file structure01.txt (compact mmCIF, C-alpha atoms)
# COMPACT_ATOMS: atom_id res chain seq x y z
CA MET H 13 40.71 -7.71 58.93
CA ALA H 14 37.71 -9.37 57.33
CA ALA H 15 39.74 -12.49 56.60
CA ALA H 16 40.84 -12.72 60.22
CA ALA H 17 37.32 -12.75 61.63
CA PRO H 18 36.40 -16.37 60.72
CA SER H 19 39.74 -17.55 62.10
CA HIS H 20 39.07 -15.74 65.39
CA LEU H 21 35.63 -17.34 65.64
CA GLN H 22 37.13 -20.76 64.99
CA GLU H 23 39.77 -20.21 67.67
CA LEU H 24 37.05 -19.47 70.21
CA LEU H 25 35.15 -22.62 69.28
CA LEU H 26 38.33 -24.69 69.40
CA ALA H 27 38.73 -23.47 72.98
CA GLY H 28 35.15 -24.54 73.78
CA ARG H 29 33.79 -20.96 73.88
CA CYS H 30 30.91 -19.22 72.15
CA PRO H 31 32.14 -17.23 69.11
CA ALA H 32 29.82 -14.33 70.00
CA CYS H 33 30.20 -13.80 73.76
CA ALA H 34 33.32 -15.98 74.45
CA GLU H 35 31.57 -17.80 77.33
CA GLN H 36 32.18 -21.51 77.92
CA VAL H 37 29.43 -23.45 76.17
CA PRO H 38 27.96 -26.94 76.73
CA VAL H 39 28.77 -29.82 74.45
CA ALA H 40 25.37 -29.61 72.74
CA VAL H 41 26.24 -26.18 71.33
CA LEU H 42 29.26 -27.64 69.55
CA LEU H 43 27.93 -31.01 68.48
CA ARG H 44 24.22 -30.46 67.85
CA ASP H 45 24.04 -26.91 66.46
CA ALA H 46 22.30 -25.64 69.61
CA ALA H 47 22.24 -22.00 70.69
CA CYS H 48 24.60 -20.57 73.30
CA PRO H 49 22.71 -20.41 76.64
CA ALA H 50 24.31 -17.03 77.46
CA CYS H 51 23.64 -15.04 74.26
CA GLU H 52 21.45 -17.47 72.22
CA THR H 53 23.88 -17.38 69.27
CA ARG H 54 24.32 -20.45 67.08
CA PRO H 55 27.98 -21.14 66.18
CA GLU H 56 28.53 -21.15 62.42
CA ALA H 57 32.33 -21.13 62.19
CA PHE H 58 32.27 -24.94 61.82
CA ALA H 59 29.69 -27.30 60.37
CA PRO H 60 27.37 -28.78 63.04
CA GLY H 61 28.15 -32.27 64.28
CA GLY H 62 31.64 -31.70 65.62
CA GLU H 63 33.51 -33.61 62.89
CA GLU H 64 34.90 -30.51 61.18
CA LEU H 65 35.80 -28.96 64.53
CA LEU H 66 37.62 -32.12 65.61
CA GLN H 67 39.43 -32.31 62.27
CA ALA H 68 40.74 -28.77 62.79
CA LEU H 69 42.19 -29.80 66.14
CA GLU H 70 43.62 -32.99 64.67
CA ALA H 71 45.36 -30.98 61.95
CA ARG H 72 47.22 -29.15 64.71
CA VAL H 73 48.06 -32.43 66.40
CA ARG H 74 49.47 -33.85 63.16
CA THR H 75 51.70 -30.80 62.75
CA GLN H 76 52.84 -30.90 66.36
CA ARG H 77 53.54 -34.62 66.38
CA VAL H 78 56.11 -34.24 63.58
CA TRP H 79 58.06 -31.75 65.70
CA VAL H 80 57.61 -33.74 68.91
CA ALA H 81 58.75 -36.95 67.22
CA ALA H 82 61.77 -35.22 65.65
CA LEU H 83 62.85 -33.36 68.80
CA GLY H 84 62.08 -36.25 71.15
CA GLY H 85 63.77 -38.79 68.90
CA GLY H 86 66.81 -36.56 68.51
CA ALA H 87 67.09 -36.00 72.27
CA ALA H 88 66.72 -39.73 72.95
CA PHE H 89 69.42 -40.47 70.36
CA LEU H 90 71.86 -38.05 72.02
CA ILE H 91 71.32 -39.14 75.62
CA GLY H 92 69.96 -42.65 75.07
CA TRP H 93 73.22 -44.26 76.19
CA ILE H 94 73.11 -42.53 79.61
CA PRO H 95 71.11 -44.53 82.19
CA LEU H 96 67.85 -42.90 83.42
CA LEU H 97 68.14 -39.77 81.23
CA PRO H 98 65.93 -41.21 78.43
CA ALA H 99 63.17 -41.38 81.06
CA LEU H 100 62.97 -37.57 80.90
CA VAL H 101 62.25 -37.75 77.17
CA PHE H 102 59.63 -40.48 77.62
CA PHE H 103 57.94 -38.45 80.37
CA GLY H 104 58.00 -35.30 78.23
CA VAL H 105 56.26 -37.13 75.39
CA TYR H 106 53.75 -38.52 77.88
CA LEU H 107 52.90 -34.98 79.05
CA TRP H 108 52.48 -33.78 75.46
CA LEU H 109 50.13 -36.66 74.65
CA ARG H 110 48.01 -35.80 77.69
CA LEU H 111 48.01 -32.02 77.50
CA GLY H 112 48.44 -31.50 73.76
CA VAL H 113 46.37 -34.35 72.32
CA LEU H 114 44.00 -35.98 74.81
CA ASN H 115 42.72 -32.93 76.70
CA PRO H 116 42.02 -30.65 73.69
CA LEU H 117 40.32 -33.40 71.68
CA SER H 118 38.19 -34.70 74.56
CA GLN H 119 36.93 -31.29 75.77
CA PHE H 120 33.91 -31.53 73.44
CA LEU H 121 32.55 -34.68 75.05
CA SER H 122 29.89 -34.62 77.76
CA PRO H 123 31.23 -34.63 81.35
CA HIS H 124 30.64 -38.34 82.03
CA ARG H 125 32.01 -39.46 78.68
CA ARG H 126 34.94 -37.06 78.97
CA LEU H 127 35.83 -38.48 82.39
CA VAL H 128 35.71 -42.06 81.12
CA THR H 129 37.63 -41.23 77.95
CA ARG H 130 40.40 -39.33 79.69
CA TRP H 131 40.87 -41.91 82.44
CA THR H 132 40.98 -44.79 79.96
CA ALA H 133 43.52 -43.01 77.77
CA ARG H 134 45.59 -41.92 80.78
CA LEU H 135 45.81 -45.48 82.08
CA LEU H 136 46.90 -46.68 78.64
CA LEU H 137 49.53 -43.92 78.39
CA SER H 138 50.76 -44.60 81.93
CA ALA H 139 51.12 -48.33 81.29
CA LEU H 140 52.99 -47.61 78.07
CA LEU H 141 55.24 -45.13 79.89
CA VAL H 142 56.23 -47.79 82.42
CA LEU H 143 57.01 -50.28 79.64
CA LEU H 144 59.13 -47.71 77.82
CA LEU H 145 61.02 -46.84 81.00
CA VAL H 146 61.86 -50.50 81.54
CA ALA H 147 62.87 -50.90 77.89
CA GLY H 148 65.03 -47.76 78.10
CA MET H 149 66.82 -49.06 81.20
CA LEU H 150 67.53 -52.38 79.48
CA LEU H 151 68.76 -50.65 76.33
CA SER H 152 71.13 -48.49 78.39
CA LEU H 153 73.13 -51.63 79.07
CA LEU H 154 74.15 -51.61 75.40
CA PRO H 155 75.10 -47.96 74.68
CA PRO H 156 75.31 -48.14 70.86
CA LEU H 157 71.95 -49.91 70.65
CA ALA H 158 70.42 -47.60 73.28
CA MET H 159 70.92 -44.50 71.15
CA VAL H 160 69.03 -45.89 68.17
CA GLY H 161 66.58 -47.95 70.21
CA ASN H 162 65.39 -45.16 72.51
CA ALA H 163 65.03 -42.76 69.59
CA ALA H 164 62.91 -45.32 67.74
CA LEU H 165 60.76 -45.93 70.84
CA VAL H 166 60.06 -42.20 71.19
CA VAL H 167 59.04 -41.82 67.54
CA LEU H 168 56.84 -44.93 67.68
CA LYS H 169 55.19 -43.72 70.89
CA VAL H 170 54.37 -40.30 69.41
CA LEU H 171 52.97 -41.68 66.15
CA GLY H 172 51.24 -44.73 67.61
CA CYS H 173 49.62 -42.99 70.58
CA THR H 174 48.32 -40.05 68.56
CA TYR H 175 46.75 -42.53 66.13
CA LEU H 176 45.10 -44.53 68.94
CA ILE H 177 43.87 -41.46 70.85
CA THR H 178 42.36 -39.72 67.81
CA HIS H 179 40.58 -42.86 66.62
CA TYR H 180 39.29 -43.61 70.12
CA LEU H 181 37.97 -40.05 70.46
CA HIS H 182 36.31 -40.21 67.02
CA TRP H 183 34.49 -43.32 68.20
CA GLN H 184 33.38 -41.59 71.39
CA LEU H 185 32.31 -38.49 69.44
CA ARG H 186 30.10 -40.54 67.12
CA ARG H 187 28.46 -42.13 70.17
CA GLU H 188 28.01 -38.66 71.66
CA GLN H 189 26.25 -37.50 68.49
CA ARG H 190 23.93 -40.50 68.61
CA ARG H 191 23.32 -39.72 72.31
CA GLU H 192 24.34 -43.21 73.35
CA PRO H 193 24.87 -43.48 77.13
CA VAL H 194 28.21 -44.43 78.61
CA SER H 195 28.39 -48.20 79.02
CA PRO H 196 28.87 -49.52 82.59
CA LEU H 197 31.89 -51.47 81.32
CA GLU H 198 33.55 -48.20 80.34
CA TRP H 199 33.66 -47.21 84.00
CA LEU H 200 35.90 -50.17 84.84
CA PRO H 201 39.16 -48.31 84.01
CA VAL H 202 38.02 -45.38 86.15
CA VAL H 203 37.10 -47.61 89.10
CA GLY H 204 40.25 -49.67 88.62
CA GLY H 205 42.45 -46.59 88.40
CA VAL H 206 40.97 -45.03 91.54
CA GLY H 207 41.22 -48.36 93.35
CA ALA H 208 44.86 -48.77 92.33
CA LEU H 209 45.60 -45.20 93.46
CA LEU H 210 43.97 -45.77 96.84
CA GLY H 211 45.68 -49.13 97.25
CA THR H 212 49.07 -47.63 96.44
CA SER H 213 48.48 -44.75 98.85
CA LEU H 214 47.52 -47.15 101.65
CA LEU H 215 50.56 -49.32 100.92
CA LEU H 216 52.88 -46.32 101.03
CA ALA H 217 51.27 -45.13 104.28
CA TRP H 218 51.73 -48.59 105.82
CA LEU H 219 55.38 -48.73 104.69
CA ALA H 220 55.99 -45.25 106.13
CA TYR H 221 54.39 -46.35 109.41
CA ARG H 222 56.51 -49.49 109.60
CA LEU H 223 59.63 -47.50 108.75
CA ALA H 224 58.83 -45.01 111.52
CA LEU H 225 58.43 -47.86 114.04
CA LEU H 226 61.70 -49.40 112.89
CA THR H 227 63.48 -46.06 113.22
CA GLN H 228 62.11 -45.55 116.74
CA GLY H 229 63.23 -49.04 117.75
CA LEU H 230 66.73 -48.48 116.42
CA ALA H 231 66.89 -45.10 118.14
CA ARG H 232 66.03 -46.65 121.54
CA HIS H 233 68.74 -49.28 121.13
CA LEU H 234 71.29 -46.64 120.21
CA VAL H 235 70.37 -44.49 123.21
CA THR H 236 70.64 -47.37 125.64

call {"tool": "encode", "arguments": {"input": "structure01.txt", "output": "structure tokens"}}
result
Amino acid sequence: MAAAAPSHLQELLLAGRCPACAEQVPVAVLLRDAACPACETRPEAFAPGGEELLQALEARVRTQRVWVAALGGGAAFLIGWIPLLPALVFFGVYLWLRLGVLNPLSQFLSPHRRLVTRWTARLLLSALLVLLLVAGMLLSLLPPLAMVGNAALVVLKVLGCTYLITHYLHWQLRREQRREPVSPLEWLPVVGGVGALLGTSLLLAWLAYRLALLTQGLARHLVT
């Protein structure tokens, strides 16, 4: 039981909670060896600074990415010759990168930096997902090549994106430790992403409106 105690404390910290009272704690508690505001306990399961804590999470990511790459690559190899089905594998990998890599590793950043970091990484992952979907559709025209090609794309996406995300988050973590403010330029992906979302929503609303008018016009002609 004594050996399990440090592991339990580390699990709480990895979830962003105080190891003493299990309450959610601010970033400063994890990165700057501050005391928990609820119970005034200083976390000692990891060395202060956040590097060791982040390395523990990254060790999990490295283990998971081997399985995700193997399973995703195998699934893409089996169904890669069927049009549109490889898209399911690409989307599954995309979800794992967001929920299993980006979100856990970025939870220890301050709210503003976390928002910028997650939006920037999400836009990158979304753009890559679109490119892979297009590549998968083109490869499906050549079934033998599609099986190997889609499997290779899945493996490269898992390995390449985990590398980029972890290094990007290490850079942001070091800036967090130095208490550097978020640069105004870093907000551009957030503003651009929100603008693109609003623009797309307005375009879809306009198309739906025009389609409704067209349907009403056709209905009047059919009635008369």

call {"tool": "closest_residue", "arguments": {"input": "structure01.txt", "among": "H:Val128, H:Ala27, H:Val170, H:Leu90", "to": "H:Ser195", "atoms": "only C-alpha atoms"}}
result
H:Val128

call {"tool": "closest_residue", "arguments": {"input": "structure01.txt", "among": "H:Leu150, H:Val160, H:Leu137, H:Leu145", "to": "H:Ala88", "atoms": "all atoms listed in the file"}}
result
H:Val160

call {"tool": "atom_distance", "arguments": {"input": "structure01.txt", "atom1": "atom CA of H:Met149", "atom2": "atom CA of H:Phe103"}}
result
13.9 Å

call {"tool": "closest_residue", "arguments": {"input": "structure01.txt", "among": "H:Leu181, H:Ile91, H:Leu140, H:Val113", "to": "H:Arg74", "atoms": "only C-alpha atoms"}}
result
H:Val113

call {"tool": "closest_residue", "arguments": {"input": "structure01.txt", "among": "H:Ala147, H:Ala82, H:Leu107, H:Leu135", "to": "H:Pro95", "atoms": "only C-alpha atoms"}}
result
H:Ala147

call {"tool": "closest_residue", "arguments": {"input": "structure01.txt", "among": "H:Pro156, H:Pro116, H:Pro196, H:Pro49", "to": "H:Cys30", "atoms": "only C-alpha atoms"}}
result
H:Pro49

call {"tool": "atom_distance", "arguments": {"input": "structure01.txt", "atom1": "atom CA of H:Ala164", "atom2": "atom CA of H:Ala139"}}
result
18.2 Å

call {"tool": "residues_around", "arguments": {"input": "structure01.txt", "residues": "H:Pro98", "least_positions_apart": "6", "cutoff": "10 Å", "atoms": "only C-alpha atoms", "output": "list in words"}}
result
Gly84, Ala87, Ala88, Phe89, Leu90, Ile91, Gly92, Gly104, Leu144, Leu145, Gly148, Met149, Ser152, Ala158, Met159, Asn162, Ala163 and Val166 of chain H

call {"tool": "closest_residue", "arguments": {"input": "structure01.txt", "among": "H:Ala99, H:Leu153, H:Leu171, H:Gln189", "to": "H:Leu141", "atoms": "all atoms listed in the file"}}
result
H:Ala99

call {"tool": "residues_around", "arguments": {"input": "structure01.txt", "residues": "H:Glu188", "least_positions_apart": "2", "cutoff": "9 Å", "atoms": "all atoms listed in the file", "output": "number ranges by chain"}}
result
H: 43, 121-122, 125, 183-186, 190-193

call {"tool": "atom_distance", "arguments": {"input": "structure01.txt", "atom1": "atom CA of H:Thr132", "atom2": "atom CA of H:Asn115"}}
result
12.4 Å

call {"tool": "axis_aligned_box", "arguments": {"input": "structure01.txt", "around": "stretch 117-132 of chain H", "padding_each_side": "6 Å", "output": "JSON"}}
result
{"center_x": 35.4, "center_y": -38.0, "center_z": 77.1, "size_x": 23.1, "size_y": 25.5, "size_z": 22.8}

call {"tool": "residues_around", "arguments": {"input": "structure01.txt", "residues": "H:His179", "least_positions_apart": "2", "cutoff": "12 Å", "atoms": "only C-alpha atoms", "output": "number ranges by chain"}}
result
H: 66-67, 70, 113-114, 117-118, 129, 133, 172-177, 181-186

call {"tool": "write_last_selection", "arguments": {"input": "structure01.txt", "atoms": "C-alpha atoms", "output": "compact mmCIF listing (two decimals), keeping the file's coordinate frame"}}
result
# COMPACT_ATOMS: atom_id res chain seq x y z
CA LEU H 66 37.62 -32.12 65.61
CA GLN H 67 39.43 -32.31 62.27
CA GLU H 70 43.62 -32.99 64.67
CA VAL H 113 46.37 -34.35 72.32
CA LEU H 114 44.00 -35.98 74.81
CA LEU H 117 40.32 -33.40 71.68
CA SER H 118 38.19 -34.70 74.56
CA THR H 129 37.63 -41.23 77.95
CA ALA H 133 43.52 -43.01 77.77
CA GLY H 172 51.24 -44.73 67.61
CA CYS H 173 49.62 -42.99 70.58
CA THR H 174 48.32 -40.05 68.56
CA TYR H 175 46.75 -42.53 66.13
CA LEU H 176 45.10 -44.53 68.94
CA ILE H 177 43.87 -41.46 70.85
CA LEU H 181 37.97 -40.05 70.46
CA HIS H 182 36.31 -40.21 67.02
CA TRP H 183 34.49 -43.32 68.20
CA GLN H 184 33.38 -41.59 71.39
CA LEU H 185 32.31 -38.49 69.44
CA ARG H 186 30.10 -40.54 67.12
